[in-house]
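The block underneath contains the structure these notes are about, expressed in C-alpha cells.
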Amino acid sequence: MPETVALIVAAGRGSRMPGDVPKQYRHLHGRPILRHVLETFIAHPSISGVYAVIHPDDRARFADVSLGLDIGPPVLGGDTRQESVRNGLETLAAGAAPERVLIQDGARPLTSPALIDRVIDALGEAEGAVPALPLTDTVKRVDGGAVVETVDRSGLFRAQTPQGFRFQALLSAHESAARNSNFTDDASIAEAAGLSVAVVTGEEHNIKITHDDDMARAAAWLHGVRETRVGSGFDVHAFGPGGSVRLGGVDIPHSQALAGHSDADVALHALTDAILGAIGDGDIGSHFPPSDPQWHGVDSSQFLNHAANLLRQRHGALVHVDLTIICEQPRIGPHRDTMRARVADILAIDVGRVSVKATTTEGLGFTGRGEGIAAQASVTITVEAEL
C-alpha cells in the first residue's frame with residue numbers, strides 16, 4: 001500500500017484570466033505552471049505516487065506537459081472542483097488505496113518541499129492538515145461597493161494547499177458530501193464530516209495563480225531566487241567482450257562492448273556526474289556504489305533520471321547539456337541525433353538543449369590505442385534558492 005499519494009487538481013478553466021489557454025498550462029519561467037507542480041511532488045522523497053485530475057478537453061495539453069514524468073494516468077474531472085477531487089479519490093480507491101493523500105491545486109507552482117513535509121508530519125496526529133497564514137490586513141465586509149462591516153480578523157486564516165488527509169477518512173467525507181456542491185476546499189468537507197483538521201504554517205510565496213498579477217508575482221519570486229550553475233563530469237570504460245557498445249542510451253554495433261558494473265554507458269555516467277556536481281551532491285559512485293550488486297547490468301538511464309529528480313527537488317531546471325565522446329571507434333556521427341533524442345527523453349527536456357559531439361585523440365593514449373572510450377560532459381542549470 002502506498003503511504004502518501006499526491007492528487008493534483010487541474011481540471012479548472014481559469015475564467016478569471018484572459019485568453020484561451022487554462023492558467024495551469026501557461027508558461028512560468030520557461031515551463032508550464034502545472035509542470036512546476038508535478039515536478040515538485042514527483043521529486044519529494046515522501047510521495048510514493050502522483051496523479052492529476054484534468055479537464056476532458058485537456059488530454060493533449062496534459063500529455064505534452066507530463067512528457068517524461070513518472071506519473072499515474074490522468075483522471076478526468078467533473079463540473080466542480082469537489083466532483084473532480086471525488087473522481088480522483090475514487091480512482092485511487094479502485095487501485096492500491098494509499099494511507100494518506102495530499103490534494104494540491106494545479107495552479108500553485110511555488111510549494112516548497114518543507115511545506116509538504118509539515119503537512120505530512122501533521123497527519124501523524126490529525127485526520128487532516130491544512131497550511132494556512134493568519135490574516136494581517138483589516139477585513140471589511142462590502143455590499144454594493146460600500147463597506148457595511150469591519151470583521152474581527154482574530155482567529156482568521158488564509159488556507160492554502162496541499163491539504164493532507166488520511167485517505168479513507170477523506171473519501172468517506174466526500175461520499176457524504178456528494179449532494180452538497182458548495183464546498184470550496186477539501187478541509188471544509190472534512191470539517192463538515194467531523195474530522196480533526198490541524199493547521200500548519202503556510203508560506204507567503206505559495207500563491208495560487210488566479211490573475212495576471214499573480215503570474216507577475218510568481219515570476220518575480222522565481223527570478224529573484226534563481227542562480228545559474230555549471231557542472232562537469234568525466235568517465236572512462238575499457239573495452240571487453242561483446243558485440244555492441246551503449247553510449248548515450250543507444251546501442252551501437254561494434255566488435256567489442258564496454259566493461260563496467262552497470263551497462264557501462266560512459267556517456268550517461270559522465271552526464272550524471274555533471275548534474276550531481278552542479279547541485280553539489282556527490283558523484284555517481286556515492287549514489288550507486290559499484291560494490292552493490294543491485295546495480296549490476298542496470299540501465300544507466302536510471303542513474304541519470306535519479307540525478308535529474310534531485311535537481312527538480314531543488315526546484316532546478318536544466319538549461320543545456322554538452323556531451324563529448326572520445327574514441328577512435330565506433331563512429332559516433334551516424335548515431336548522434338538518436339543519442340540526442342534519447343538523452344532529451346530521459347531528462348524530459350527539449351532536444352535543442354542537448355549537444356552531442358565526438359572526437360579522437362589522434363591515436364594517442366588508451367583511447368587512441370582502441371582500449372576504451374572516455375566521455376566528458378558539462379551542464380548548465382538554474383537552481384531556486386530556498387524560498
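Going through the C-alpha cells in order, the chains are called A, B, and so on, while each chain numbers its residues from 1 and the ligands are numbered from 1 in the order shown.
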- Message: So that I can see what lies close to Gly316 in chain A, please list as a ChimeraX atom specification the residues with an atom at most 7 Å from it, counting only C-alpha atoms and leaving out residues fewer than 4 positions away in the same chain.
- Response: /A:311-312,381-384
- Please provide the set of residues having any atom within 8 Å of Pro134 in chain A, restricted to only C-alpha atoms, with same-chain residues fewer than 6 positions apart removed, written as a list in words. Gly155, Leu156, Phe157 and Arg158 of chain A
- Name the residues of range 47-222 of chain A that fall into strand (DSSP E or B) according to DSSP on the backbone, using the chain letters and numbers of this document, as number ranges by chain. A: 49-54, 75-76, 100-105, 128-134, 139-143, 146-151, 157-159, 163-166, 197-201
Residue subset to file, keeping N, CA and C atoms, as a compact mmCIF listing (two decimals), in the first residue's frame:
# COMPACT_ATOMS: atom_id res chain seq x y z
N GLY A 49 3.47 8.40 -5.11
CA GLY A 49 2.75 8.41 -6.38
C GLY A 49 2.10 9.75 -6.61
N VAL A 50 2.02 10.16 -7.87
CA VAL A 50 1.41 11.45 -8.22
C VAL A 50 0.38 11.21 -9.33
N TYR A 51 -0.82 11.75 -9.14
CA TYR A 51 -1.89 11.65 -10.13
C TYR A 51 -2.46 13.05 -10.35
N ALA A 52 -2.94 13.30 -11.54
CA ALA A 52 -3.54 14.60 -11.86
C ALA A 52 -4.97 14.40 -12.32
N VAL A 53 -5.84 15.32 -11.90
CA VAL A 53 -7.22 15.35 -12.37
C VAL A 53 -7.32 16.48 -13.39
N ILE A 54 -7.73 16.15 -14.61
CA ILE A 54 -7.70 17.14 -15.69
C ILE A 54 -9.07 17.28 -16.34
N VAL A 75 -6.81 11.46 -14.45
CA VAL A 75 -8.21 11.23 -14.09
C VAL A 75 -9.02 12.38 -14.66
N LEU A 76 -10.16 12.09 -15.25
CA LEU A 76 -10.99 13.15 -15.81
C LEU A 76 -11.83 13.79 -14.71
N ARG A 100 -2.38 7.94 2.99
CA ARG A 100 -2.59 9.39 3.06
C ARG A 100 -2.67 9.95 1.66
N VAL A 101 -3.38 11.07 1.52
CA VAL A 101 -3.47 11.74 0.23
C VAL A 101 -3.29 13.24 0.44
N LEU A 102 -2.53 13.85 -0.45
CA LEU A 102 -2.36 15.30 -0.46
C LEU A 102 -3.11 15.86 -1.66
N ILE A 103 -3.99 16.84 -1.43
CA ILE A 103 -4.74 17.48 -2.50
C ILE A 103 -4.08 18.82 -2.79
N GLN A 104 -3.59 18.98 -4.04
CA GLN A 104 -2.84 20.18 -4.41
C GLN A 104 -3.48 20.86 -5.60
N ASP A 105 -3.56 22.20 -5.55
CA ASP A 105 -4.03 22.97 -6.69
C ASP A 105 -3.03 22.87 -7.83
N GLY A 128 -6.64 15.37 9.23
CA GLY A 128 -6.40 16.28 8.12
C GLY A 128 -5.43 17.36 8.54
N ALA A 129 -4.80 18.00 7.56
CA ALA A 129 -3.87 19.08 7.85
C ALA A 129 -3.92 20.10 6.72
N VAL A 130 -3.95 21.37 7.08
CA VAL A 130 -4.08 22.46 6.11
C VAL A 130 -3.01 23.50 6.38
N PRO A 131 -2.23 23.89 5.36
CA PRO A 131 -1.33 25.03 5.54
C PRO A 131 -2.13 26.32 5.47
N ALA A 132 -1.83 27.25 6.35
CA ALA A 132 -2.60 28.50 6.38
C ALA A 132 -1.75 29.61 6.97
N LEU A 133 -2.13 30.84 6.63
CA LEU A 133 -1.46 32.03 7.15
C LEU A 133 -2.49 32.95 7.78
N PRO A 134 -2.16 33.57 8.91
CA PRO A 134 -3.13 34.46 9.56
C PRO A 134 -3.36 35.71 8.73
N VAL A 139 -10.11 43.53 7.75
CA VAL A 139 -11.06 42.86 6.85
C VAL A 139 -12.38 43.63 6.87
N LYS A 140 -12.89 43.96 5.69
CA LYS A 140 -14.15 44.67 5.53
C LYS A 140 -15.16 43.80 4.80
N ARG A 141 -16.38 43.81 5.26
CA ARG A 141 -17.47 43.20 4.51
C ARG A 141 -18.11 44.29 3.65
N VAL A 142 -18.22 44.01 2.34
CA VAL A 142 -18.66 45.02 1.38
C VAL A 142 -19.93 44.55 0.69
N ASP A 143 -20.87 45.48 0.50
CA ASP A 143 -22.10 45.19 -0.22
C ASP A 143 -22.40 46.36 -1.15
N ALA A 146 -19.96 49.34 -1.08
CA ALA A 146 -19.82 50.13 0.15
C ALA A 146 -19.52 49.22 1.32
N VAL A 147 -18.70 49.71 2.26
CA VAL A 147 -18.37 48.94 3.47
C VAL A 147 -19.59 48.90 4.37
N VAL A 148 -19.97 47.69 4.80
CA VAL A 148 -21.11 47.55 5.71
C VAL A 148 -20.68 47.05 7.08
N GLU A 149 -19.43 46.54 7.17
CA GLU A 149 -18.99 45.99 8.44
C GLU A 149 -17.49 45.77 8.44
N THR A 150 -16.86 46.01 9.58
CA THR A 150 -15.47 45.63 9.78
C THR A 150 -15.47 44.31 10.54
N VAL A 151 -14.82 43.31 9.95
CA VAL A 151 -14.85 41.95 10.51
C VAL A 151 -13.66 41.75 11.43
N PHE A 157 -7.70 32.80 9.15
CA PHE A 157 -6.51 32.37 8.41
C PHE A 157 -6.86 32.20 6.93
N ARG A 158 -5.84 32.34 6.09
CA ARG A 158 -5.96 32.07 4.65
C ARG A 158 -5.47 30.64 4.39
N ALA A 159 -6.35 29.78 3.91
CA ALA A 159 -5.99 28.38 3.67
C ALA A 159 -5.28 28.23 2.33
N GLN A 163 -3.44 20.25 0.92
CA GLN A 163 -4.18 19.84 2.11
C GLN A 163 -4.08 18.32 2.21
N GLY A 164 -3.64 17.85 3.37
CA GLY A 164 -3.40 16.42 3.54
C GLY A 164 -4.45 15.75 4.40
N PHE A 165 -4.72 14.48 4.10
CA PHE A 165 -5.74 13.74 4.85
C PHE A 165 -5.39 12.26 4.89
N ARG A 166 -5.91 11.61 5.91
CA ARG A 166 -5.91 10.15 5.89
C ARG A 166 -6.92 9.73 4.83
N VAL A 197 -8.91 18.53 11.86
CA VAL A 197 -8.06 19.14 10.84
C VAL A 197 -7.09 20.09 11.53
N ALA A 198 -5.81 19.78 11.44
CA ALA A 198 -4.76 20.61 12.03
C ALA A 198 -4.34 21.70 11.06
N VAL A 199 -3.77 22.76 11.59
CA VAL A 199 -3.23 23.85 10.79
C VAL A 199 -1.72 23.86 10.93
N VAL A 200 -1.03 23.90 9.78
CA VAL A 200 0.42 24.06 9.78
C VAL A 200 0.75 25.39 9.12
N THR A 201 1.93 25.89 9.36
CA THR A 201 2.31 27.20 8.86
C THR A 201 2.45 27.18 7.34
- Task: For Arg246 in chain A, list every protein, DNA or RNA residue within 10 Å, evaluated using only C-alpha atoms, and leave out those in the same chain fewer than 2 positions away; present the list as a list in words.
- Result: Ser244, Gly248, Gly249, Val250, Asp251, Ile252, Pro253, His254, Ala257, Leu258, Asp263, Ala264, Asp265, Val266, Ala267, Leu268, Asp299 and Ser300 of chain A
Could you take the residues named above and write them with C-alpha atoms, as an mmCIF file, in the first residue's frame?
data_model
loop_
_atom_site.group_PDB
_atom_site.id
_atom_site.type_symbol
_atom_site.label_atom_id
_atom_site.label_comp_id
_atom_site.auth_asym_id
_atom_site.auth_seq_id
_atom_site.Cartn_x
_atom_site.Cartn_y
_atom_site.Cartn_z
ATOM 1 C CA SER A 244 27.854 -3.589 -29.222
ATOM 2 C CA GLY A 248 24.060 7.937 -24.552
ATOM 3 C CA GLY A 249 21.386 5.285 -24.047
ATOM 4 C CA VAL A 250 21.803 3.956 -27.604
ATOM 5 C CA ASP A 251 23.179 0.526 -28.541
ATOM 6 C CA ILE A 252 25.779 0.846 -31.324
ATOM 7 C CA PRO A 253 27.038 -2.269 -33.139
ATOM 8 C CA HIS A 254 30.784 -2.834 -32.561
ATOM 9 C CA ALA A 257 31.427 -3.940 -25.621
ATOM 10 C CA LEU A 258 32.275 -1.617 -22.769
ATOM 11 C CA ASP A 263 25.660 -1.212 -18.596
ATOM 12 C CA ALA A 264 28.937 0.810 -18.752
ATOM 13 C CA ASP A 265 27.328 3.727 -20.602
ATOM 14 C CA VAL A 266 30.282 6.064 -20.230
ATOM 15 C CA ALA A 267 28.340 8.992 -21.744
ATOM 16 C CA LEU A 268 25.403 8.822 -19.317
ATOM 17 C CA ASP A 299 20.379 0.614 -17.443
ATOM 18 C CA SER A 300 22.333 3.823 -16.754
#
- Message: I'd like the contact shell of Phe234 in chain A - 7 Å cut-off, only C-alpha atoms, skipping same-chain residues fewer than 5 positions apart - returned as an NGL selection string.
- Response: :A and (270 or 375-377)
What would the file look like if the residues just selected were written as an mmCIF file, in the first residue's frame with C-alpha atoms?
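Result file again_24.cif:
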data_model
loop_
_atom_site.group_PDB
_atom_site.id
_atom_site.type_symbol
_atom_site.label_atom_id
_atom_site.label_comp_id
_atom_site.auth_asym_id
_atom_site.auth_seq_id
_atom_site.Cartn_x
_atom_site.Cartn_y
_atom_site.Cartn_z
ATOM 1 C CA ALA A 270 29.681 11.478 -17.230
ATOM 2 C CA ALA A 375 33.346 10.894 -22.169
ATOM 3 C CA GLN A 376 33.171 14.336 -20.674
ATOM 4 C CA ALA A 377 30.025 16.322 -20.018
#
- Query: Mind pulling up the distance from CA of Ala187 in chain A to CA of Glu90 in chain A?
  - Reply: 17.6 Å
- Length of the CA of Ile373 in chain A to CA of Cys327 in chain A vector [Å]: 5.2 Å
- Task: Can you check which residues of range 168-378 of chain A DSSP gives as alpha helix (DSSP H) on the backbone and send them as a ChimeraX atom specification?
- Result: /A:168-176,186-192,212-225,266-278,284-287,301-313,336-347,365-368
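Counting only C-alpha atoms, the residue from A:Thr228, A:Ala178, A:Ala259, A:Pro74 that sits nearest to Gly242 in chain A is A:Ala259.
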Closest pair table for range 10-85 of chain A residues within 12 Å of range 333-352 of chain A, only C-alpha atoms, as a tab-separated table:
residue	atom	partner	partner_atom	distance
A:Gly30	CA	A:Ile349	CA	11.2
A:Arg31	CA	A:Ile349	CA	10.3
A:Arg35	CA	A:Ala348	CA	10.9
A:Glu39	CA	A:Ala348	CA	10.8
A:Asp64	CA	A:Ala348	CA	10.5
A:Val65	CA	A:Ala348	CA	10.0
A:Ser66	CA	A:Ala348	CA	8.9
A:Leu67	CA	A:Ala348	CA	6.6
A:Gly68	CA	A:Ala348	CA	5.0
A:Leu69	CA	A:Ala348	CA	7.3
A:Asp70	CA	A:Ala348	CA	10.6
- Query: Using only C-alpha atoms, which residues sit within 12 Å of Gln294 in chain A once same-chain residues fewer than 5 positions away are excluded, as a list of chain:residue names?
  - Reply: A:His261, A:Ser262, A:Phe288, A:Pro289, A:Asp299
Each residue of range 147-198 of chain A lying at most 7 Å from range 80-86 of chain A should get a row with its shortest atom-to-atom pair and the distance in Å to one decimal, counting only C-alpha atoms; could you produce that, ordered by chain and increasing number, as CSV?
residue,atom,partner,partner_atom,distance
A:His174,CA,A:Arg86,CA,6.3
A:Ser181,CA,A:Gln82,CA,6.7
A:Phe183,CA,A:Gln82,CA,6.9
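The shortest atom-to-atom distance to Leu110 in chain A, with only C-alpha atoms taken into account, belongs to A:Ile33 out of A:Val21, A:Ile8, A:Ile275, A:Ile33.
Nearest to Asp214 in chain A of all the residues A:His237, A:Arg108, A:Arg353, A:His315 is A:Arg108, based on only C-alpha atoms.
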Residues at most 9 Å from range 168-173 of chain A, counting only C-alpha atoms, excluding those fewer than 5 positions away in the same chain, as a CSV table (one decimal) with N, CA and C atoms, in the first residue's frame?
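Okay, this is what ended up in out-v4.csv:
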chain,number,residue,atom,x,y,z
A,86,ARG,N,-13.4,14.2,-6.0
A,86,ARG,CA,-14.0,12.9,-5.7
A,86,ARG,C,-13.7,11.9,-6.8
A,89,LEU,N,-10.2,10.6,-6.0
A,89,LEU,CA,-10.2,9.7,-4.8
A,89,LEU,C,-10.8,8.3,-5.1
A,90,GLU,N,-11.9,8.3,-5.9
A,90,GLU,CA,-12.5,7.0,-6.3
A,90,GLU,C,-11.6,6.2,-7.2
A,93,ALA,N,-9.0,4.7,-4.9
A,93,ALA,CA,-9.6,3.7,-4.1
A,93,ALA,C,-9.8,2.4,-4.9
A,97,ALA,N,-5.2,1.7,-2.7
A,97,ALA,CA,-5.5,2.9,-2.0
A,97,ALA,C,-4.4,3.3,-1.0
A,98,PRO,N,-4.0,4.5,-1.0
A,98,PRO,CA,-2.9,5.0,-0.1
A,98,PRO,C,-3.4,5.2,1.3
A,99,GLU,N,-2.4,5.3,2.2
A,99,GLU,CA,-2.8,5.6,3.6
A,99,GLU,C,-3.1,7.1,3.7
A,100,ARG,N,-2.4,7.9,3.0
A,100,ARG,CA,-2.6,9.4,3.1
A,100,ARG,C,-2.7,10.0,1.7
A,101,VAL,N,-3.4,11.1,1.5
A,101,VAL,CA,-3.5,11.7,0.2
A,101,VAL,C,-3.3,13.2,0.4
A,127,GLU,N,-6.5,13.9,11.5
A,127,GLU,CA,-7.0,13.2,10.3
A,127,GLU,C,-6.9,14.1,9.0
A,128,GLY,N,-6.6,15.4,9.2
A,128,GLY,CA,-6.4,16.3,8.1
A,128,GLY,C,-5.4,17.4,8.5
A,178,ALA,N,-21.5,14.4,-1.2
A,178,ALA,CA,-21.7,14.3,-2.7
A,178,ALA,C,-22.9,15.2,-3.2
A,186,ASP,N,-11.2,21.0,0.4
A,186,ASP,CA,-11.4,19.7,1.0
A,186,ASP,C,-11.4,19.7,2.5
A,189,ILE,N,-14.9,20.1,3.6
A,189,ILE,CA,-15.6,18.8,3.5
A,189,ILE,C,-15.3,18.0,4.7
A,190,ALA,N,-14.0,18.0,5.1
A,190,ALA,CA,-13.5,17.2,6.2
A,190,ALA,C,-14.1,17.7,7.5
A,191,GLU,N,-14.2,19.1,7.6
A,191,GLU,CA,-14.8,19.7,8.8
A,191,GLU,C,-16.3,19.3,9.0
A,192,ALA,N,-17.0,19.3,7.8
A,192,ALA,CA,-18.4,19.0,7.9
A,192,ALA,C,-18.6,17.6,8.3
A,193,ALA,N,-17.7,16.7,8.0
A,193,ALA,CA,-17.8,15.3,8.4
A,193,ALA,C,-17.3,15.0,9.8
A,194,GLY,N,-16.8,16.1,10.5
A,194,GLY,CA,-16.4,15.9,11.9
A,194,GLY,C,-15.0,15.4,12.0
A,195,LEU,N,-14.2,15.5,11.0
A,195,LEU,CA,-12.8,15.1,11.1
A,195,LEU,C,-11.9,16.2,11.8
- Item | Near-Glu328 in chain A list (7 Å; only C-alpha atoms; drop same-chain fewer than 6 positions) as a VMD selection string | chain A and resid 360 367 to 368 370
